[in-house]
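Shown here: query-v9.csv, CSV, C-alpha atoms.
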```
chain,number,residue,atom,x,y,z
A,934,ILE,CA,0.0,0.0,0.0
A,935,ASN,CA,1.5,3.3,-1.1
A,936,PHE,CA,0.3,6.4,0.7
A,937,VAL,CA,0.2,9.5,-1.5
A,938,LYS,CA,-1.1,12.1,0.9
A,939,MET,CA,-3.4,11.5,3.9
A,940,LYS,CA,-6.7,13.4,3.7
A,941,LYS,CA,-9.4,14.1,6.3
A,942,ILE,CA,-12.9,13.3,5.3
A,943,CYS,CA,-15.9,14.6,7.4
A,944,PHE,CA,-19.2,12.8,7.6
A,945,PRO,CA,-21.9,15.1,9.1
A,946,PHE,CA,-25.3,13.8,10.3
A,947,VAL,CA,-28.2,15.5,12.0
A,948,GLY,CA,-28.3,12.7,14.5
A,949,ASP,CA,-32.0,12.5,15.4
A,950,ASN,CA,-33.0,9.6,13.2
A,951,ILE,CA,-31.5,6.5,11.6
A,952,GLY,CA,-32.3,4.5,8.4
A,953,GLY,CA,-30.6,2.5,5.7
A,954,SER,CA,-28.7,5.5,4.4
A,955,HIS,CA,-27.0,6.0,7.8
A,956,ILE,CA,-26.0,2.3,7.9
A,957,SER,CA,-24.6,2.5,4.4
A,958,SER,CA,-22.6,5.6,5.3
A,959,LEU,CA,-21.0,3.9,8.3
A,960,LEU,CA,-20.0,1.0,6.1
A,961,LEU,CA,-18.5,3.5,3.7
A,962,ILE,CA,-16.6,5.0,6.6
A,963,THR,CA,-15.3,1.6,7.6
A,964,GLY,CA,-14.2,0.9,4.0
A,965,LEU,CA,-12.5,4.3,3.7
A,966,LYS,CA,-10.5,3.7,6.8
A,967,LYS,CA,-9.1,0.6,5.2
A,968,THR,CA,-8.2,2.3,1.9
A,969,PHE,CA,-7.1,5.8,2.9
A,970,SER,CA,-7.1,8.7,5.3
A,971,SER,CA,-8.9,9.6,8.5
A,972,THR,CA,-12.6,10.3,9.0
A,973,GLU,CA,-14.6,12.5,11.3
A,974,ILE,CA,-18.2,11.8,12.2
A,975,VAL,CA,-20.1,14.9,13.3
A,976,THR,CA,-23.7,15.2,14.6
A,977,HIS,CA,-25.9,18.1,15.6
A,978,SER,CA,-28.6,16.4,17.7
A,979,ASN,CA,-29.1,13.4,20.0
A,980,GLY,CA,-31.4,10.7,18.9
A,981,PHE,CA,-31.6,7.2,17.3
A,982,PHE,CA,-28.4,7.7,15.3
A,983,THR,CA,-26.2,8.9,18.3
A,984,LYS,CA,-27.6,6.0,20.4
A,985,TYR,CA,-26.5,3.7,17.6
A,986,LEU,CA,-23.0,5.2,17.5
A,987,LYS,CA,-22.6,4.9,21.3
A,988,LYS,CA,-23.8,1.3,21.2
A,989,LYS,CA,-21.3,0.4,18.5
A,990,GLU,CA,-18.6,2.5,20.3
A,991,ILE,CA,-18.0,4.7,17.3
A,992,LYS,CA,-16.5,8.1,18.2
A,993,TYR,CA,-18.2,11.3,17.0
A,994,PHE,CA,-18.1,15.0,17.5
A,995,LYS,CA,-21.2,16.9,18.5
A,996,LEU,CA,-21.8,20.5,17.4
A,997,LYS,CA,-24.0,22.9,19.5
A,998,ASN,CA,-26.1,24.5,16.8
A,999,LYS,CA,-28.8,22.7,14.8
A,1000,THR,CA,-30.7,25.0,12.6
A,1001,PHE,CA,-30.9,23.8,9.0
A,1002,LEU,CA,-32.4,24.7,5.7
A,1003,GLY,CA,-35.0,22.2,4.6
A,1004,GLU,CA,-36.7,21.7,8.0
A,1005,LYS,CA,-39.4,24.4,7.4
A,1006,PRO,CA,-40.6,26.4,4.4
A,1007,PHE,CA,-37.8,28.7,3.3
A,1008,PHE,CA,-39.2,32.0,4.6
A,1009,GLN,CA,-40.0,30.4,8.0
A,1010,THR,CA,-36.3,29.5,8.5
A,1011,ASP,CA,-34.7,31.0,11.6
A,1012,PHE,CA,-31.9,32.6,9.6
A,1013,TYR,CA,-30.1,34.1,12.7
A,1014,ASN,CA,-29.6,30.6,14.1
A,1015,TYR,CA,-29.0,29.1,10.7
A,1016,PHE,CA,-26.0,31.4,10.1
A,1017,LYS,CA,-24.8,30.6,13.6
A,1018,THR,CA,-24.8,26.9,12.5
A,1019,ILE,CA,-22.9,27.8,9.3
A,1020,LYS,CA,-20.3,29.7,11.3
A,1021,GLU,CA,-19.8,26.8,13.8
A,1022,ILE,CA,-19.4,24.3,10.9
A,1023,ILE,CA,-16.8,26.6,9.2
A,1024,LEU,CA,-14.8,26.9,12.4
A,1025,PHE,CA,-14.9,23.1,12.9
A,1026,LEU,CA,-13.8,22.4,9.3
A,1027,LYS,CA,-10.9,24.8,9.6
A,1028,ASN,CA,-9.8,23.7,13.1
A,1029,LYS,CA,-9.9,20.0,12.1
A,1030,LYS,CA,-8.2,20.7,8.7
A,1031,ILE,CA,-10.9,18.8,6.8
A,1032,ASP,CA,-10.2,18.2,3.1
A,1033,ILE,CA,-13.5,16.6,2.0
A,1034,VAL,CA,-17.1,16.9,3.3
A,1035,HIS,CA,-19.5,14.0,2.5
A,1036,THR,CA,-23.1,15.0,2.7
A,1037,ASN,CA,-25.8,12.4,3.2
A,1038,ASP,CA,-29.4,13.8,3.5
A,1039,THR,CA,-31.4,16.9,2.7
A,1040,ARG,CA,-30.8,19.0,5.8
A,1041,ILE,CA,-27.1,18.2,5.7
A,1042,HIS,CA,-26.8,18.8,1.9
A,1043,LEU,CA,-28.4,22.3,2.2
A,1044,THR,CA,-26.3,23.4,5.2
A,1045,TRP,CA,-23.0,21.7,5.0
A,1046,THR,CA,-22.4,22.2,1.2
A,1047,LEU,CA,-22.3,26.0,1.5
A,1048,ALA,CA,-20.2,25.9,4.7
A,1049,ALA,CA,-17.8,23.5,3.1
A,1050,ARG,CA,-17.3,25.6,0.0
A,1051,LEU,CA,-16.8,28.7,2.2
A,1052,SER,CA,-14.1,26.7,4.1
A,1053,GLY,CA,-12.3,25.6,0.9
A,1054,CYS,CA,-13.3,21.9,1.2
A,1055,LYS,CA,-14.3,19.6,-1.6
A,1056,VAL,CA,-17.9,18.4,-1.4
A,1057,VAL,CA,-19.2,14.9,-2.2
A,1058,TRP,CA,-23.0,15.0,-2.3
A,1059,HIS,CA,-24.4,11.5,-1.7
A,1060,GLN,CA,-27.9,11.5,-3.3
A,1061,ARG,CA,-29.8,8.8,-1.4
A,1062,SER,CA,-33.4,10.0,-2.3
A,1063,ILE,CA,-35.2,11.2,-5.3
A,1064,CYS,CA,-34.1,14.8,-6.1
A,1065,PRO,CA,-37.1,17.0,-4.9
A,1066,ASN,CA,-38.6,19.5,-7.3
A,1067,TRP,CA,-37.4,22.4,-5.2
A,1068,LYS,CA,-35.4,25.3,-6.7
A,1069,LEU,CA,-33.3,25.9,-3.6
A,1070,TYR,CA,-32.3,22.2,-3.4
A,1071,LYS,CA,-31.3,22.1,-7.0
A,1072,PHE,CA,-29.4,25.4,-6.8
A,1073,ILE,CA,-27.3,24.4,-3.8
A,1074,SER,CA,-26.6,21.0,-5.3
A,1075,ILE,CA,-24.6,22.8,-8.1
A,1076,PHE,CA,-21.9,23.7,-5.5
A,1077,ALA,CA,-21.0,20.1,-4.9
A,1078,HIS,CA,-17.9,18.9,-6.6
A,1079,LYS,CA,-19.2,15.4,-7.2
A,1080,ILE,CA,-22.5,13.6,-6.8
A,1081,ILE,CA,-23.0,9.9,-5.9
A,1082,SER,CA,-26.3,8.4,-6.9
A,1083,ILE,CA,-27.3,5.1,-5.2
A,1084,SER,CA,-29.4,3.9,-8.2
A,1085,LYS,CA,-30.2,4.6,-11.8
A,1086,TYR,CA,-33.7,5.7,-10.6
A,1087,VAL,CA,-32.1,8.4,-8.3
A,1088,ASP,CA,-29.7,9.4,-11.0
A,1089,LYS,CA,-32.5,10.1,-13.5
A,1090,SER,CA,-34.0,12.6,-11.0
A,1091,LEU,CA,-31.0,14.9,-11.0
A,1092,ILE,CA,-31.0,18.1,-12.9
A,1093,SER,CA,-29.1,17.9,-16.2
A,1094,PHE,CA,-26.1,19.9,-14.9
A,1095,ASN,CA,-25.6,17.4,-12.1
A,1096,LYS,CA,-25.9,14.4,-14.3
A,1097,LYS,CA,-22.6,15.3,-15.9
A,1098,ARG,CA,-20.9,15.2,-12.5
A,1099,SER,CA,-22.6,12.2,-11.0
A,1100,VAL,CA,-21.6,8.6,-10.7
A,1101,LYS,CA,-23.8,5.6,-9.7
A,1102,ILE,CA,-22.4,3.6,-6.8
A,1103,ASN,CA,-24.4,0.8,-5.2
A,1104,ASN,CA,-24.8,0.9,-1.4
A,1105,PRO,CA,-22.3,-1.4,0.4
A,1106,PHE,CA,-23.2,-4.5,2.4
A,1107,ILE,CA,-21.2,-6.6,4.9
A,1108,PHE,CA,-22.4,-10.2,5.0
A,1109,TYR,CA,-22.0,-12.5,8.0
A,1110,LYS,CA,-23.1,-16.2,7.7
A,1111,LYS,CA,-25.4,-17.3,10.4
A,1112,LYS,CA,-24.2,-20.2,12.6
A,1113,ASN,CA,-27.7,-21.5,13.4
A,1114,SER,CA,-30.0,-23.1,10.8
A,1115,LYS,CA,-33.1,-21.1,9.6
A,1116,HIS,CA,-35.3,-23.7,11.3
A,1117,SER,CA,-33.7,-23.3,14.7
A,1118,MET,CA,-33.6,-19.5,14.4
A,1119,LYS,CA,-37.4,-19.5,13.6
A,1120,LYS,CA,-38.1,-21.7,16.6
A,1121,LYS,CA,-36.2,-19.3,18.8
A,1122,ILE,CA,-38.1,-16.3,17.5
A,1123,LEU,CA,-41.5,-17.9,17.8
A,1124,LYS,CA,-40.7,-18.9,21.3
A,1125,LYS,CA,-39.7,-15.3,22.1
A,1126,LEU,CA,-43.0,-14.2,20.8
A,1127,LYS,CA,-44.8,-16.8,22.9
A,1128,ILE,CA,-46.0,-18.8,19.9
A,1129,HIS,CA,-45.7,-22.6,20.6
A,1130,GLN,CA,-46.5,-24.0,17.2
A,1131,SER,CA,-44.9,-23.9,13.8
A,1132,LYS,CA,-45.9,-21.0,11.7
A,1133,LYS,CA,-44.7,-19.1,8.6
A,1134,ILE,CA,-43.1,-15.7,9.4
A,1135,ILE,CA,-43.8,-12.9,7.0
A,1136,LEU,CA,-41.8,-9.7,7.5
A,1137,TYR,CA,-42.1,-6.0,6.9
A,1138,VAL,CA,-39.3,-3.5,7.5
A,1139,GLY,CA,-39.9,0.2,7.0
A,1140,ASN,CA,-40.5,3.4,9.0
A,1141,MET,CA,-44.1,4.4,9.6
A,1142,ARG,CA,-44.7,6.9,6.9
A,1143,GLU,CA,-46.8,7.1,3.7
A,1144,ASP,CA,-44.2,6.1,1.1
A,1145,LYS,CA,-43.3,2.9,3.0
A,1146,ARG,CA,-47.0,1.7,2.7
A,1147,SER,CA,-47.2,-0.1,6.0
A,1148,LEU,CA,-51.0,0.0,5.9
A,1149,ILE,CA,-50.9,-2.1,2.7
A,1150,PHE,CA,-48.9,-4.7,4.5
A,1151,LEU,CA,-51.5,-4.8,7.3
A,1152,LYS,CA,-54.3,-5.4,4.8
A,1153,ILE,CA,-52.2,-8.1,3.1
A,1154,ALA,CA,-51.6,-9.7,6.5
A,1155,GLU,CA,-55.3,-9.7,7.3
A,1156,ARG,CA,-56.2,-11.4,4.0
A,1157,LEU,CA,-53.4,-13.9,4.2
A,1158,GLN,CA,-54.3,-14.9,7.8
A,1159,LYS,CA,-57.5,-16.4,6.4
A,1160,LYS,CA,-55.9,-17.8,3.3
A,1161,LEU,CA,-53.2,-19.6,5.2
A,1162,ASN,CA,-55.7,-20.8,7.9
A,1163,GLY,CA,-53.9,-19.0,10.7
A,1164,LYS,CA,-50.6,-20.7,10.0
A,1165,ALA,CA,-48.6,-17.5,9.7
A,1166,ILE,CA,-47.5,-14.5,11.8
A,1167,PHE,CA,-46.6,-11.1,10.5
A,1168,ILE,CA,-43.7,-9.1,12.0
A,1169,MET,CA,-43.2,-5.3,11.5
A,1170,PHE,CA,-40.1,-3.3,12.2
A,1171,GLY,CA,-39.8,0.5,11.8
A,1172,ALA,CA,-39.6,3.8,13.6
A,1173,GLU,CA,-42.5,6.2,14.1
A,1174,ARG,CA,-42.3,9.0,11.5
A,1175,ASP,CA,-45.9,9.9,10.6
A,1176,ASP,CA,-48.1,10.2,13.7
A,1177,LYS,CA,-51.4,9.4,11.8
A,1178,ILE,CA,-50.0,6.3,10.1
A,1179,PHE,CA,-48.3,5.2,13.4
A,1180,SER,CA,-51.6,5.5,15.3
A,1181,VAL,CA,-53.5,3.4,12.7
A,1182,VAL,CA,-50.8,0.7,12.8
A,1183,LEU,CA,-50.9,0.5,16.6
A,1184,LYS,CA,-54.7,0.3,16.6
A,1185,PHE,CA,-54.7,-2.4,13.9
A,1186,VAL,CA,-52.0,-4.5,15.6
A,1187,LYS,CA,-53.7,-4.4,19.0
A,1188,LYS,CA,-56.8,-6.0,17.6
A,1189,ARG,CA,-55.0,-8.9,15.9
A,1190,ASN,CA,-52.8,-11.4,17.8
A,1191,TYR,CA,-51.1,-12.6,14.6
A,1192,ILE,CA,-49.4,-9.2,13.9
A,1193,PHE,CA,-46.4,-8.1,15.9
A,1194,TYR,CA,-45.1,-4.5,15.7
A,1195,LEU,CA,-41.6,-4.5,17.3
A,1196,GLY,CA,-40.6,-0.9,16.7
A,1197,PHE,CA,-37.1,0.1,15.7
A,1198,LYS,CA,-34.2,-2.2,16.2
A,1199,ASP,CA,-30.7,-1.6,14.8
A,1200,ASP,CA,-30.1,-5.3,14.1
A,1201,ILE,CA,-33.0,-7.4,12.7
A,1202,SER,CA,-30.8,-9.9,10.8
A,1203,ASN,CA,-32.0,-12.8,12.9
A,1204,TYR,CA,-35.6,-12.0,12.1
A,1205,MET,CA,-34.8,-11.6,8.4
A,1206,TYR,CA,-33.0,-14.9,8.4
A,1207,ALA,CA,-35.8,-16.7,10.1
A,1208,SER,CA,-38.6,-15.3,7.9
A,1209,ASP,CA,-40.2,-17.1,5.1
A,1210,LEU,CA,-40.8,-14.0,3.0
A,1211,LEU,CA,-40.1,-10.2,3.1
A,1212,ILE,CA,-42.8,-8.0,1.7
A,1213,ALA,CA,-41.6,-4.6,0.6
A,1214,PRO,CA,-44.6,-2.5,-0.7
A,1215,TYR,CA,-42.7,0.8,-0.7
A,1216,LYS,CA,-43.5,3.5,-3.2
A,1217,ASN,CA,-40.7,5.1,-5.4
A,1218,GLU,CA,-38.0,3.6,-3.3
A,1219,PRO,CA,-34.6,5.1,-4.2
A,1220,PHE,CA,-32.8,1.8,-3.6
A,1221,GLY,CA,-34.1,-0.9,-1.3
A,1222,ARG,CA,-31.5,-1.9,1.3
A,1223,THR,CA,-33.8,-4.4,3.1
A,1224,LEU,CA,-34.3,-6.3,-0.2
A,1225,VAL,CA,-30.6,-7.0,-0.6
A,1226,GLU,CA,-30.1,-7.8,3.1
A,1227,SER,CA,-32.8,-10.4,2.9
A,1228,MET,CA,-31.4,-11.9,-0.3
A,1229,LEU,CA,-28.0,-12.3,1.4
A,1230,LEU,CA,-29.7,-14.1,4.2
A,1231,ARG,CA,-31.4,-16.4,1.7
A,1232,THR,CA,-34.9,-15.1,2.5
A,1233,PRO,CA,-37.2,-14.5,-0.6
A,1234,VAL,CA,-38.5,-11.0,-1.4
A,1235,LEU,CA,-41.8,-9.8,-2.8
A,1236,ALA,CA,-41.6,-6.1,-3.6
A,1237,SER,CA,-43.6,-3.4,-5.4
A,1238,ASN,CA,-42.7,-2.9,-9.0
A,1239,SER,CA,-41.7,0.7,-8.2
A,1240,GLY,CA,-38.6,2.9,-8.0
A,1241,ALA,CA,-35.2,1.1,-7.8
A,1242,HIS,CA,-36.8,-2.2,-6.8
A,1243,ARG,CA,-36.8,-2.9,-10.6
A,1244,GLU,CA,-33.0,-2.6,-10.6
A,1245,ILE,CA,-32.5,-5.1,-7.8
A,1246,ILE,CA,-35.1,-7.7,-8.7
A,1247,ILE,CA,-35.7,-9.4,-12.0
A,1248,ASN,CA,-39.2,-10.9,-11.5
A,1249,ASN,CA,-39.2,-14.6,-10.9
A,1250,LEU,CA,-35.4,-14.8,-11.2
A,1251,ASN,CA,-34.1,-13.4,-8.0
A,1252,GLY,CA,-37.3,-12.2,-6.4
A,1253,PHE,CA,-40.9,-11.3,-7.1
A,1254,LEU,CA,-42.5,-8.0,-8.1
A,1255,PHE,CA,-46.2,-6.9,-7.9
A,1256,LYS,CA,-47.5,-4.1,-10.1
A,1257,LYS,CA,-50.8,-3.0,-8.5
A,1258,ASN,CA,-51.8,-2.5,-4.9
A,1259,LYS,CA,-54.7,-4.8,-5.1
A,1260,ILE,CA,-54.8,-6.7,-1.8
A,1261,ASN,CA,-56.5,-9.8,-3.2
A,1262,SER,CA,-54.0,-10.3,-6.1
A,1263,ILE,CA,-51.0,-9.6,-3.8
A,1264,SER,CA,-52.3,-12.0,-1.2
A,1265,GLN,CA,-52.8,-14.7,-3.8
A,1266,LEU,CA,-49.3,-14.1,-5.1
A,1267,VAL,CA,-47.8,-14.6,-1.6
A,1268,PHE,CA,-49.9,-17.7,-1.2
A,1269,ASN,CA,-48.5,-19.1,-4.5
A,1270,ILE,CA,-44.9,-18.2,-3.6
A,1271,LEU,CA,-45.1,-19.9,-0.2
A,1272,LYS,CA,-46.6,-23.1,-1.7
A,1273,ASN,CA,-44.1,-23.5,-4.6
A,1274,LYS,CA,-41.1,-24.8,-2.8
A,1275,ILE,CA,-39.1,-25.8,-5.9
A,1276,LYS,CA,-39.4,-22.4,-7.5
A,1277,ILE,CA,-38.7,-20.5,-4.3
A,1278,LYS,CA,-35.5,-22.6,-3.8
A,1279,LYS,CA,-34.2,-21.5,-7.3
A,1280,VAL,CA,-35.2,-17.9,-6.7
A,1281,ILE,CA,-33.4,-17.8,-3.3
A,1282,ASP,CA,-30.2,-19.3,-4.8
A,1283,ASN,CA,-30.2,-16.8,-7.7
A,1284,ALA,CA,-30.8,-13.9,-5.3
A,1285,TYR,CA,-28.0,-15.0,-3.0
A,1286,GLN,CA,-25.4,-15.3,-5.8
A,1287,ILE,CA,-26.4,-12.1,-7.6
A,1288,SER,CA,-26.3,-10.1,-4.3
A,1289,LEU,CA,-22.9,-11.5,-3.4
A,1290,LEU,CA,-21.6,-10.4,-6.8
A,1291,HIS,CA,-23.1,-6.9,-7.0
A,1292,TYR,CA,-23.4,-5.6,-3.4
A,1293,LEU,CA,-20.7,-7.1,-1.1
A,1294,CYS,CA,-18.5,-4.5,0.5
A,1295,ARG,CA,-15.2,-5.7,-1.0
A,1296,THR,CA,-16.0,-3.9,-4.3
A,1297,TYR,CA,-17.0,-0.5,-2.7
A,1298,PRO,CA,-13.6,1.0,-1.9
A,1299,ILE,CA,-12.5,0.4,-5.5
A,1300,LEU,CA,-15.5,2.3,-6.9
A,1301,LEU,CA,-14.8,5.1,-4.4
A,1302,LYS,CA,-11.2,5.3,-5.6
A,1303,VAL,CA,-12.5,6.0,-9.1
A,1304,LEU,CA,-14.7,8.7,-7.7
A,1305,PHE,CA,-12.0,10.5,-5.9
A,1306,LEU,CA,-9.7,10.3,-8.8
A,1307,THR,CA,-12.2,12.4,-10.7
A,1308,LEU,CA,-11.8,15.0,-7.9
A,1309,ASN,CA,-8.0,14.9,-8.2
A,1310,ILE,CA,-7.8,13.7,-4.6
A,1311,ILE,CA,-6.1,10.4,-5.1
A,1312,LEU,CA,-5.2,9.2,-1.7
A,1313,ILE,CA,-4.0,5.7,-2.0
A,1314,SER,CA,-3.1,3.2,-4.7
A,1315,TYR,CA,-5.3,0.2,-4.3
A,1316,PRO,CA,-3.4,-3.1,-4.1
```

Can I see the file as structure tokens?
Amino acid sequence: INFVKMKKICFPFVGDNIGGSHISSLLLITGLKKTFSSTEIVTHSNGFFTKYLKKKEIKYFKLKNKTFLGEKPFFQTDFYNYFKTIKEIILFLKNKKIDIVHTNDTRIHLTWTLAARLSGCKVVWHQRSICPNWKLYKFISIFAHKIISISKYVDKSLISFNKKRSVKINNPFIFYKKKNSKHSMKKKILKKLKIHQSKKIILYVGNMREDKRSLIFLKIAERLQKKLNGKAIFIMFGAERDDKIFSVVLKFVKKRNYIFYLGFKDDISNYMYASDLLIAPYKNEPFGRTLVESMLLRTPVLASNSGAHREIIINNLNGFLFKKNKINSISQLVFNILKNKIKIKKVIDNAYQISLLHYLCRTYPILLKVLFLTLNIILISYP
């Protein structure tokens, strides 16, 4: 390994929530540490993300100010405190001698990009969601030196100027083989849920908000419970985001003893591994991290034919897609999938092999090296 010049890369986060993009960023940080330079993780608020960092014993620096663009309509922004936040960021970047700032979500994009440019830092803007039709967002994105899109679907949403400076890089994954068999893991989870007979486990993973369509999953569960003669349970994971949707979910779950809402957990791999099927009804998903995680754990996936799901799944080859949100037809599809053991075995094998090839973390630092070459910030020669 030949070191050219050590660079410092800053990864700022708001800190109040956590999702797949945060996990991907932490894997990116781990990969970067192995290939070049030092990294600094910065947060503004305490919340799910900072709790996760503490649990994993990951060091981070917390700033005092936390007023961002993008939290409220533009003219309702507290600009006095916003500029205090900008000033604190600039001082931090200069004191720490940061070379590159990697932005990760809307609030961070709109605040740290400007502060980084004023500090003389390079900016890598990681576009993990569909680019909103918002003039301010599009204007500030122009100041990034390079844009990473997590899928073709996301890349198409960029303004034409940014498409020339963007590169598509898949989210990274680290894969650990489970020691226990799927059967023994399922028995363990059913026992934990106080279920003393063999049942199918059907899983949903997504925060309680409109685009994740948790209510569609509940309706599917209700229909399937009758179709499968009560021989299935339905497990839901996800944080509260939309109060109305969250309230409906809780009311629905309380009245049905076959649905289990288990809230947010930072590691649900055992549940994924033990499940017979993951249902992902999400709308316009920019990537679909849970799909790939399930595939790597040899759990079949049924997803909406929407967004970047179509880039991950080839229908009937490495997973299953449904086109319309008709509960009857989706429920029948689930029923058919679970009954056809020969077909499902082939799909699981294909999904596992394709995911290993395209998403495993070992390829990620190589792609990032190409990215930073375009920025003229070559840091290390990859062996």

Between A:Glu973, A:Asp1200, A:Asp1011, A:Asp1176, which residue has the minimum interatomic distance to Lys1029 of chain A, considering all atoms listed in the file?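 Closest residue, counting all atoms listed in the file: A:Glu973.
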
Among listed residues A:Leu1254, A:Gln1158, A:Lys1119, A:Asp1199, nearest Lys988 of chain A (using all atoms listed in the file):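 Using all atoms listed in the file, the shortest distance to Lys988 of chain A belongs to A:Asp1199.
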
Pick from A:Asn1203, A:Ser1074, A:Gln1130, A:Asn1028: nearest to Lys1096 of chain A, with all atoms listed in the file counted? A:Ser1074

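The two atoms in question, atom CA of Ile1149 of chain A and atom CA of Ile1260 of chain A, are spaced 7.5 Å apart.
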
Contacts of Lys984 of chain A at 10 Å or less, counting only C-alpha atoms, minus same-chain residues fewer than 6 places along, as a PDB file with C-alpha atoms, in the coordinates of the input?
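What follows is the written file out17.pdb:
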```
ATOM      1  CA  GLY A 948     -28.300  12.700  14.500  1.00  0.00           C
ATOM      2  CA  ASP A 949     -32.000  12.500  15.400  1.00  0.00           C
ATOM      3  CA  ASN A 950     -33.000   9.600  13.200  1.00  0.00           C
ATOM      4  CA  ILE A 951     -31.500   6.500  11.600  1.00  0.00           C
ATOM      5  CA  GLU A 990     -18.600   2.500  20.300  1.00  0.00           C
ATOM      6  CA  ASP A1199     -30.700  -1.600  14.800  1.00  0.00           C
TER       7      ASP A1199
END
```

Counting all atoms listed in the file, which residue out of A:Gly1252, A:Gly1139, A:Pro1105, A:Gly1196 sits closest to Glu1218 of chain A?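 So, comparing all the options, the nearest one is A:Gly1139.
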
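A straight line drawn from atom CA of Asp1032 of chain A to atom CA of Phe1106 of chain A is 26.2 Å long.
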
Quote the spacing between atom CA of His955 of chain A and atom CA of Gln1286 of chain A in Å to one decimal place.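 Taking atom CA of His955 of chain A and atom CA of Gln1286 of chain A, their separation equals 25.3 Å.
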
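Near Ile1178 of chain A, within 12 Å and counting all atoms listed in the file, sit A:Asn1140, A:Met1141, A:Arg1142, A:Glu1143, A:Asp1144, A:Lys1145, A:Arg1146, A:Ser1147, A:Leu1148, A:Ile1149, A:Leu1151, A:Gly1171, A:Ala1172, A:Glu1173, A:Arg1174, A:Asp1175, A:Asp1176, A:Ser1180, A:Val1181, A:Val1182, A:Leu1183, A:Lys1184, A:Phe1185, not including residues fewer than 2 positions from it in the same chain.
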
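Distances to Glu1021 of chain A were evaluated for A:Ser958, A:Thr1044, A:Asn1248, A:Ser1262 using all atoms listed in the file, and the minimum falls at A:Thr1044.
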
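Counting all atoms listed in the file and comparing A:Leu1051, A:Leu1229, A:Ile1128, A:Ile1031, the residue that lies closest to Ser971 of chain A is A:Ile1031.
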
Tell me, as an MDAnalysis selection string, which residues lie within 8 Å of Ser1099 of chain A, counting all atoms listed in the file; anything in the same chain fewer than 5 positions away does not count. chainID A and resid 1079:1082 1088

Could you name the residues that touch Ile1192 of chain A at 7 Å or less, counting all atoms listed in the file, but leaving out those on the same chain fewer than 4 positions away, as a ChimeraX atom specification? /A:1166-1168,1186
